[in-house]
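Chemist: One structure, pasted below without further comment.
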Amino acid sequence: MEYRQGALEGMGIMRNVSHRFWRGKKVFITGHTGFKGSWLSFWLYEMGANVTGYALNPPTNPSLFELLKLKSKIKSVHGDVRDLNFLKENIRNAEIVFHLAAQPLVLESYKNPVDTYATNVMGTINLLEACREQKTLRAVVNVTTDKCYENREKPEIAYRENEPMGGFDPYSNSKACSELVTDSYRKAFYNSGAKVGIATARAGNVIGGGDFALDRLIPDCIRGIMNGEKITVRNPDSIRPWQHVLEPLAGYLLLAESLYKSPKEFSAGWNFGPKEKDAKSVLNIIETFCKIWGDDASYEIKKDPNAPHEASYLKLDSSKAKKKLLWKPRWNSEVAVKKTAEWYRAYLKKENVDKITSAQTESYYG
Ligand SMILES: NC(=O)c1ccc[n+]([C@@H]2O[C@H](COP(=O)([O-])OP(=O)(O)OC[C@H]3O[C@@H](n4cnc5c(N)ncnc54)[C@H](O)[C@@H]3O)[C@@H](O)[C@H]2O)c1
């Protein structure tokens with residue numbers, strides 16, 4: 001493990017993601033064509049891991065997966081997590097598994113609840129079932145969300161890992177189900193993590209370069225700028241836990257390494273939330289973004305009175321990850337917005353996105 005003294009005041013000892021550990025590791029990632037999956041695949045590729053990705057086509061066009069030319073860097077399999085036999089065929093020889101494939105959007109889950117549950121719940125069951133036959137396997141990290149907790153709508157509560165699961169909308173609820181499924185498999189089939197470490201990871205809204213999804217704040221900003229239009233803000237007062245995508249990814253990597261080395265000790269649920277002061281309103285983030293971007297970015301507020309219910313902000317208590325994994329948030333929301341704007345500026349200037357993605361991953365560790 002690699003440790004260093006935190007550069008920022010009060011951060012204390014932090015653990016770095018270890019290149020030495022990841023070099024040559026056989027890693028299987030579901031959802032590698034998505035936003036977070038592409039960042040994770042690229043980071044692992046750069047550290048010398050032997051990565052196989054398993055997913056449907058990139059969910060957006062353009063996509064980070066295509067821009068980073070990941071098809072030529074890792075083994076990329078076009079596969080559905082609802083197809084158990086195909087999953088079994090492709091997961092062979094994996095040592096470490098990251099499960100990110102999902103239908104990840106709340107609004108889409110209202111339109112397509114059946115597909116959302118099929119992918120997010122049966123997909124998790126199939127993955128854990130496929131993992132059962134793998135003799136080489138040492139660690140599994142199932143990526144869920146902060147929305148998996150039963151939201152008591154009390155802003156003063158910061159949820160800990162042992163709080164009840166819940167979820168109002170089908171997306172949040174399907175992720176709570178994915179959590180429960182993982183817990184059952186861990187107890188029923190994996191002897192509570194005796195040989196293979198199995199954990200779930202819960203993080204909040206992430207931002208970063210290369211996200212082109214619909215109905216997400218920063219991608220909406222970039223589309224506005226590209227079309228020469230004002231950015232439309234529908235929920236200015238919603239408070240969200242803003243994090244750069246590298247924050248939870250660092251947490252997943254540290255968690256997987258710990259599971260690999262001490263499976264029983266780390267087989268559990270883990271929160272990777274931002275600092276409390278980085279829970280900010282949508283309006284605040286838009287204002288920061290426009291200030292950093294400059295003259296050609298501006299916004300207008302257009303509230304949608306018919307928008308379906310979206311849970312209010314749910315705060316995570318990440319003290320367990322801080323104490324036991326030595327993971328800590330490193331970039332506050334302003335730095336996260338700055339890095340994100342920097343990435344899209346390079347993209348719009350048609351610069352090499354490998355270079356900026358790689359530079360940002362490196363600068364994350366200062
Ligand atoms: N982006 C966020 O802010 C955020 C926050 C909390 C949790 N998460 C979780 O992180 C994970 C990744 O999110 P993202 O933002 O990168 O999403 P994304 O939409 O960019 O990527 C989703 C990935 O899943 C794949 N996929 C979807 N259905 C599939 C299926 N049936 N079979 C195989 N692959 C399938 C897609 O092809 C894609 O690779 C998800 O599990 C999501 O719930 C994301």
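Labels used: A, B, ... for chains in the order of the structure tokens, numbers from 1 for residues in each chain, and numbers from 1 for ligands as shown.
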Find the spatial neighbours of stretch 86-95 of chain A, counting only C-alpha atoms, within a cut-off of 7 Å - ignore same-chain residues fewer than 3 positions away - and output them as a VMD selection string.
Modeler: chain A and resid 25 to 28 81 83 130 134 136 to 139
Chemist: Residues within 7 Å of ligand 1, counting only C-alpha atoms and all ligand atoms: report them as a PyMOL selection string.
Modeler: chain A and resi 30-37+54-59+79-82+100-104+119+123+143-146+202-207+213
Chemist: Name the residues in contact with A:Ser72 at a cut-off of 12 Å, using only C-alpha atoms, excluding same-chain residues fewer than 2 positions from it; report them as a list in words.
Modeler: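 Counting only C-alpha atoms, the residues come to Ser41, Phe42, Tyr45, Val51, Thr52, Gly53, Phe65, Glu66, Leu67, Leu68, Lys69, Leu70, Ile74, Lys75, Ser76 and Val77 of chain A.
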Chemist: Give me every helix (DSSP H, G or I) residue in stretch 143-350 of chain A, going by DSSP on the backbone, as a PyMOL selection string.
Modeler: chain A and resi 146-148+170-188+191-193+217-226+246-261+263-266+276-278+282-293+319-325+333-348
Chemist: If you count only C-alpha atoms, which residues fall within 8 Å of A:Glu150, apart from same-chain ones fewer than 2 positions away, as number ranges by chain?
Modeler: A: 147-148, 152, 163-167
Chemist: Write a file of the just-selected residues containing N, CA, C and O atoms, as an mmCIF file, in the first residue's frame.
Modeler:
```cif
data_model
loop_
_atom_site.group_PDB
_atom_site.id
_atom_site.type_symbol
_atom_site.label_atom_id
_atom_site.label_comp_id
_atom_site.auth_asym_id
_atom_site.auth_seq_id
_atom_site.Cartn_x
_atom_site.Cartn_y
_atom_site.Cartn_z
ATOM 1 N N LYS A 147 -28.574 6.697 -3.011
ATOM 2 C CA LYS A 147 -30.043 6.669 -3.003
ATOM 3 C C LYS A 147 -30.612 5.336 -2.523
ATOM 4 O O LYS A 147 -31.824 5.161 -2.459
ATOM 5 N N CYS A 148 -29.745 4.370 -2.201
ATOM 6 C CA CYS A 148 -30.242 3.051 -1.774
ATOM 7 C C CYS A 148 -30.823 3.090 -0.354
ATOM 8 O O CYS A 148 -31.568 2.197 0.043
ATOM 9 N N ARG A 152 -35.228 9.360 5.093
ATOM 10 C CA ARG A 152 -36.170 9.878 6.098
ATOM 11 C C ARG A 152 -36.422 11.372 5.930
ATOM 12 O O ARG A 152 -37.065 11.999 6.747
ATOM 13 N N GLU A 163 -27.692 1.573 8.060
ATOM 14 C CA GLU A 163 -29.079 2.091 8.056
ATOM 15 C C GLU A 163 -29.928 1.264 7.082
ATOM 16 O O GLU A 163 -29.406 0.704 6.118
ATOM 17 N N PRO A 164 -31.280 1.254 7.286
ATOM 18 C CA PRO A 164 -32.142 0.454 6.410
ATOM 19 C C PRO A 164 -32.102 0.907 4.947
ATOM 20 O O PRO A 164 -31.940 2.087 4.663
ATOM 21 N N MET A 165 -32.248 -0.069 4.076
ATOM 22 C CA MET A 165 -32.342 0.217 2.638
ATOM 23 C C MET A 165 -33.766 0.685 2.319
ATOM 24 O O MET A 165 -34.705 0.378 3.052
ATOM 25 N N GLY A 166 -33.938 1.408 1.203
ATOM 26 C CA GLY A 166 -35.284 1.877 0.836
ATOM 27 C C GLY A 166 -35.329 2.314 -0.605
ATOM 28 O O GLY A 166 -34.946 1.559 -1.479
ATOM 29 N N GLY A 167 -35.777 3.541 -0.861
ATOM 30 C CA GLY A 167 -35.818 4.040 -2.241
ATOM 31 C C GLY A 167 -37.239 4.240 -2.718
ATOM 32 O O GLY A 167 -37.994 3.277 -2.805
#
```
Chemist: Out of A:Phe21, A:Phe212, A:Tyr159, A:Tyr299, which residue has the shortest atom-to-atom distance to A:Leu316 when counting only C-alpha atoms?
Modeler: A:Tyr159
Chemist: Considering only strand (DSSP E or B) as DSSP defines it on the backbone, what residues of stretch 198-252 of chain A qualify? List them as a VMD selection string.
Modeler: chain A and resid 198 to 203 206 to 207 231 to 233 239 to 241 243 to 244
Chemist: Atoms to include: N, CA and C atoms. Write the selected residues as a tab-separated table (two decimals), in the first residue's frame.
Modeler:
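The result, stored in selection-v5.tsv:
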```tsv
chain	number	residue	atom	x	y	z
A	198	ILE	N	-16.57	-9.50	-0.84
A	198	ILE	CA	-17.69	-8.93	-1.61
A	198	ILE	C	-18.21	-7.69	-0.91
A	199	ALA	N	-18.17	-6.56	-1.59
A	199	ALA	CA	-18.59	-5.31	-0.96
A	199	ALA	C	-19.50	-4.53	-1.90
A	200	THR	N	-20.26	-3.59	-1.30
A	200	THR	CA	-21.04	-2.65	-2.11
A	200	THR	C	-20.50	-1.25	-1.82
A	201	ALA	N	-20.63	-0.37	-2.83
A	201	ALA	CA	-20.08	0.99	-2.69
A	201	ALA	C	-21.15	2.01	-3.03
A	202	ARG	N	-21.36	2.94	-2.12
A	202	ARG	CA	-22.43	3.93	-2.26
A	202	ARG	C	-21.85	5.33	-2.36
A	203	ALA	N	-22.09	5.98	-3.50
A	203	ALA	CA	-21.59	7.35	-3.68
A	203	ALA	C	-22.70	8.19	-4.28
A	206	VAL	N	-21.93	12.33	-9.37
A	206	VAL	CA	-20.57	12.63	-9.78
A	206	VAL	C	-20.56	13.52	-11.02
A	207	ILE	N	-19.54	14.36	-11.08
A	207	ILE	CA	-19.34	15.17	-12.28
A	207	ILE	C	-17.92	14.92	-12.77
A	231	ILE	N	-28.27	27.86	-20.60
A	231	ILE	CA	-28.45	26.58	-19.90
A	231	ILE	C	-29.77	26.65	-19.13
A	232	THR	N	-30.63	25.64	-19.34
A	232	THR	CA	-31.91	25.65	-18.64
A	232	THR	C	-31.76	24.95	-17.29
A	233	VAL	N	-32.17	25.64	-16.23
A	233	VAL	CA	-32.07	25.07	-14.88
A	233	VAL	C	-33.47	24.78	-14.38
A	239	ILE	N	-30.54	20.34	-3.51
A	239	ILE	CA	-29.19	20.19	-2.96
A	239	ILE	C	-28.67	18.82	-3.37
A	240	ARG	N	-27.44	18.75	-3.89
A	240	ARG	CA	-26.84	17.47	-4.29
A	240	ARG	C	-25.42	17.37	-3.73
A	241	PRO	N	-24.98	16.16	-3.48
A	241	PRO	CA	-23.61	15.98	-3.00
A	241	PRO	C	-22.63	15.93	-4.17
A	243	GLN	N	-19.39	15.60	-6.35
A	243	GLN	CA	-18.07	14.97	-6.25
A	243	GLN	C	-17.49	14.85	-7.65
A	244	HIS	N	-16.17	14.96	-7.76
A	244	HIS	CA	-15.56	14.61	-9.04
A	244	HIS	C	-15.57	13.09	-9.16
```
Chemist: Have a look at A:Gly269, A:Gly48, A:Pro305, A:Gly24 and name the one nearest to A:Arg234; count only C-alpha atoms.
Modeler: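 Once distances to A:Arg234 are computed over only C-alpha atoms, the minimum belongs to A:Pro305.
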Chemist: Please identify all polymer residues within 12 Å of A:Ala194, counting only C-alpha atoms, omitting same-chain residues fewer than 6 positions from it, and present them as a list in words.
Modeler: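 Residues near the query, excluding close chain neighbours: Arg138, Ala139, Arg186, Lys187, Ala188, Leu259, Tyr260, Lys261, Ser262, Pro263, Lys264, Glu265, Phe266 and Ser267 of chain A.
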Chemist: Would you save the residues of that selection, restricted to N, CA and C atoms, as a PDB file, in the first residue's frame?
Modeler:
```
ATOM      1  N   ARG A 138     -11.071 -13.063  -6.288  1.00  0.00           N
ATOM      2  CA  ARG A 138     -10.699 -12.666  -4.925  1.00  0.00           C
ATOM      3  C   ARG A 138     -11.556 -11.510  -4.389  1.00  0.00           C
ATOM      4  N   ALA A 139     -12.082 -10.675  -5.295  1.00  0.00           N
ATOM      5  CA  ALA A 139     -12.810  -9.492  -4.795  1.00  0.00           C
ATOM      6  C   ALA A 139     -13.880  -9.029  -5.775  1.00  0.00           C
ATOM      7  N   ARG A 186     -23.561 -12.966  -0.212  1.00  0.00           N
ATOM      8  CA  ARG A 186     -22.359 -12.994   0.639  1.00  0.00           C
ATOM      9  C   ARG A 186     -22.544 -14.013   1.766  1.00  0.00           C
ATOM     10  N   LYS A 187     -23.746 -13.961   2.384  1.00  0.00           N
ATOM     11  CA  LYS A 187     -23.982 -14.856   3.529  1.00  0.00           C
ATOM     12  C   LYS A 187     -24.259 -16.284   3.074  1.00  0.00           C
ATOM     13  N   ALA A 188     -25.114 -16.425   2.036  1.00  0.00           N
ATOM     14  CA  ALA A 188     -25.594 -17.759   1.665  1.00  0.00           C
ATOM     15  C   ALA A 188     -24.571 -18.565   0.871  1.00  0.00           C
ATOM     16  N   LEU A 259     -10.150  -5.718  -0.124  1.00  0.00           N
ATOM     17  CA  LEU A 259     -10.914  -6.975  -0.176  1.00  0.00           C
ATOM     18  C   LEU A 259     -10.017  -8.123  -0.636  1.00  0.00           C
ATOM     19  N   TYR A 260      -9.176  -7.830  -1.599  1.00  0.00           N
ATOM     20  CA  TYR A 260      -8.264  -8.832  -2.160  1.00  0.00           C
ATOM     21  C   TYR A 260      -7.319  -9.351  -1.070  1.00  0.00           C
ATOM     22  N   LYS A 261      -6.860  -8.409  -0.231  1.00  0.00           N
ATOM     23  CA  LYS A 261      -5.862  -8.775   0.781  1.00  0.00           C
ATOM     24  C   LYS A 261      -6.497  -9.321   2.051  1.00  0.00           C
ATOM     25  N   SER A 262      -7.636  -8.785   2.464  1.00  0.00           N
ATOM     26  CA  SER A 262      -8.301  -9.231   3.703  1.00  0.00           C
ATOM     27  C   SER A 262      -9.799  -9.353   3.441  1.00  0.00           C
ATOM     28  N   PRO A 263     -10.228 -10.407   2.734  1.00  0.00           N
ATOM     29  CA  PRO A 263     -11.620 -10.446   2.261  1.00  0.00           C
ATOM     30  C   PRO A 263     -12.651 -10.342   3.376  1.00  0.00           C
ATOM     31  N   LYS A 264     -12.440 -11.037   4.447  1.00  0.00           N
ATOM     32  CA  LYS A 264     -13.480 -11.053   5.493  1.00  0.00           C
ATOM     33  C   LYS A 264     -13.652  -9.677   6.139  1.00  0.00           C
ATOM     34  N   GLU A 265     -12.525  -9.047   6.384  1.00  0.00           N
ATOM     35  CA  GLU A 265     -12.539  -7.766   7.106  1.00  0.00           C
ATOM     36  C   GLU A 265     -13.285  -6.659   6.347  1.00  0.00           C
ATOM     37  N   PHE A 266     -13.205  -6.700   5.001  1.00  0.00           N
ATOM     38  CA  PHE A 266     -13.741  -5.567   4.234  1.00  0.00           C
ATOM     39  C   PHE A 266     -15.048  -5.883   3.492  1.00  0.00           C
ATOM     40  N   SER A 267     -15.570  -7.117   3.663  1.00  0.00           N
ATOM     41  CA  SER A 267     -16.806  -7.501   2.964  1.00  0.00           C
ATOM     42  C   SER A 267     -18.007  -6.853   3.638  1.00  0.00           C
TER      43      SER A 267
END
```
